[in-house]
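Below: work-v5.txt (compact mmCIF, C-alpha atoms)
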# COMPACT_ATOMS: atom_id res chain seq x y z
CA HIS A 3 -10.10 10.25 8.74
CA ALA A 4 -9.52 8.41 5.48
CA TYR A 5 -9.73 8.83 1.72
CA ASP A 6 -10.42 5.88 -0.56
CA LEU A 7 -9.02 6.32 -4.08
CA ALA A 8 -9.58 3.96 -6.99
CA PRO A 9 -6.94 4.53 -9.70
CA ARG A 10 -6.64 2.44 -12.86
CA ALA A 11 -5.09 -1.00 -12.48
CA GLY A 12 -1.40 -0.91 -13.36
CA SER A 13 -0.94 2.71 -12.28
CA CYS A 14 1.94 3.50 -9.96
CA VAL A 15 1.09 4.27 -6.32
CA VAL A 16 3.29 6.91 -4.67
CA ALA A 17 3.74 7.90 -1.03
CA MET A 18 1.51 10.78 0.06
CA ARG A 19 4.01 11.62 2.80
CA GLY A 20 7.42 10.36 3.85
CA GLY A 21 8.07 7.83 6.61
CA ILE A 22 8.93 4.19 7.25
CA ALA A 23 7.42 1.53 4.96
CA ILE A 24 5.74 -1.56 6.38
CA THR A 25 5.31 -3.91 3.41
CA ARG A 26 3.19 -7.02 3.07
CA ASP A 27 3.35 -8.62 -0.38
CA LEU A 28 1.44 -11.78 0.48
CA GLY A 29 1.24 -13.04 -3.09
CA TYR A 30 -2.53 -12.56 -3.21
CA GLY A 31 -4.75 -12.08 -6.21
CA GLN A 32 -8.46 -11.61 -5.67
CA THR A 33 -9.76 -13.23 -2.48
CA PRO A 34 -13.58 -13.02 -2.48
CA HIS A 35 -13.66 -15.59 0.35
CA LEU A 36 -11.45 -13.34 2.56
CA ARG A 37 -12.39 -9.74 3.34
CA ILE A 38 -8.83 -8.38 3.41
CA PHE A 39 -6.76 -5.58 1.85
CA GLY A 40 -4.69 -8.11 -0.08
CA ASN A 41 -1.10 -7.01 -0.65
CA TYR A 42 -0.46 -3.71 1.09
CA ILE A 43 2.02 -1.07 2.20
CA THR A 44 1.59 1.10 5.28
CA ILE A 45 3.73 4.20 5.84
CA GLN A 46 4.38 5.24 9.43
CA HIS A 47 4.94 9.00 9.39
CA ASP A 48 7.22 10.83 11.81
CA ASP A 49 4.24 12.45 13.59
CA GLY A 50 2.73 9.05 14.47
CA GLU A 51 0.10 9.02 11.71
CA PHE A 52 -0.13 6.27 9.09
CA SER A 53 -1.00 6.02 5.37
CA HIS A 54 -2.31 2.68 4.12
CA TYR A 55 -2.17 1.51 0.48
CA GLY A 56 -4.13 -1.69 -0.16
CA HIS A 57 -5.04 -4.02 -3.04
CA LEU A 58 -1.57 -3.72 -4.62
CA ARG A 59 -0.22 -6.00 -7.35
CA SER A 60 1.93 -8.83 -6.01
CA GLY A 61 5.54 -8.69 -7.19
CA SER A 62 5.39 -4.97 -7.99
CA PHE A 63 6.61 -3.51 -4.69
CA ARG A 64 9.41 -0.96 -5.19
CA VAL A 65 10.21 -0.46 -1.51
CA ARG A 66 11.28 -2.88 1.22
CA ASN A 67 10.00 -3.42 4.72
CA GLY A 68 11.60 -0.91 7.11
CA GLU A 69 12.85 1.36 4.31
CA ARG A 70 12.46 5.13 4.71
CA VAL A 71 10.45 6.60 1.83
CA GLU A 72 10.02 10.18 0.71
CA GLN A 73 6.86 11.98 -0.39
CA GLY A 74 6.14 11.14 -4.03
CA GLN A 75 8.35 8.03 -4.08
CA ALA A 76 7.00 5.07 -6.09
CA LEU A 77 5.71 2.26 -3.82
CA ALA A 78 4.03 -0.38 -6.02
CA LEU A 79 1.52 -0.88 -8.84
CA VAL A 80 -2.24 -0.78 -8.41
CA GLY A 81 -3.64 -4.28 -8.41
CA ASN A 82 -6.81 -6.10 -7.56
CA SER A 83 -5.68 -8.18 -4.61
CA GLY A 84 -7.85 -8.92 -1.61
CA TYR A 85 -11.55 -8.13 -1.54
Just dump the structure as structure tokens.
Amino acid sequence: HAYDLAPRAGSCVVAMRGGIAITRDLGYGQTPHLRIFGNYITIQHDDGEFSHYGHLRSGSFRVRNGERVEQGQALALVGNSGY
């Protein structure tokens, strides 16, 4: 099951639940020739579920790969990366 949210560009994205961050700041802007999520962060939760945050602004990540994050913690800024 998934929810797709579309906040304003530049807004801060926060973790819906705590877990381990998997970060991929690939330096992308818009990529209409590639159907990808662009820059993204995935949170692996302790119960084995995942939360995925795509289309983030490059250079705005506030967490590092492998870092444990808490619910409500700032992750990155909304961007328009990927397609």
Residues within 12 Å of Leu79 (chain A), only C-alpha atoms, excluding chain neighbours under 6 positions, as a count of residues only: 24
Nearest residue to Met18 (chain A) from the set A:Leu77, A:Gly84, A:Gly50, A:Glu69 (distances using only C-alpha atoms):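 That would be A:Leu77, the residue with the smallest distance to Met18 (chain A).
Put simply, CA of Val71 (chain A) is 8.2 Å away from CA of Arg19 (chain A).
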Among listed residues A:Arg70, A:His54, A:Tyr30, A:Ala78, nearest Leu7 (chain A) (using only C-alpha atoms): A:His54
Distance query 12 Å from (2.5, 6.7, 12.1) using only C-alpha atoms, result as a PyMOL selection string: chain A and resi 19-24+44-54
Edge lengths and centre in Å, axis-aligned, region 20-34 of chain A plus 6 Å each side, as AutoDock Vina command-line options:
--center_x -2.3 --center_y -1.4 --center_z 0.5 --size_x 34.5 --size_y 35.6 --size_z 25.5
Atom-to-atom span, CA of Arg37 (chain A) and CA of Ser83 (chain A), Å: 10.5 Å
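CA of Gln73 (chain A) is found 26.0 Å from CA of Ile38 (chain A).
Counting only C-alpha atoms, the residue from A:Arg26, A:Ala8, A:Tyr85, A:Pro34 that sits nearest to Gly68 (chain A) is A:Arg26.
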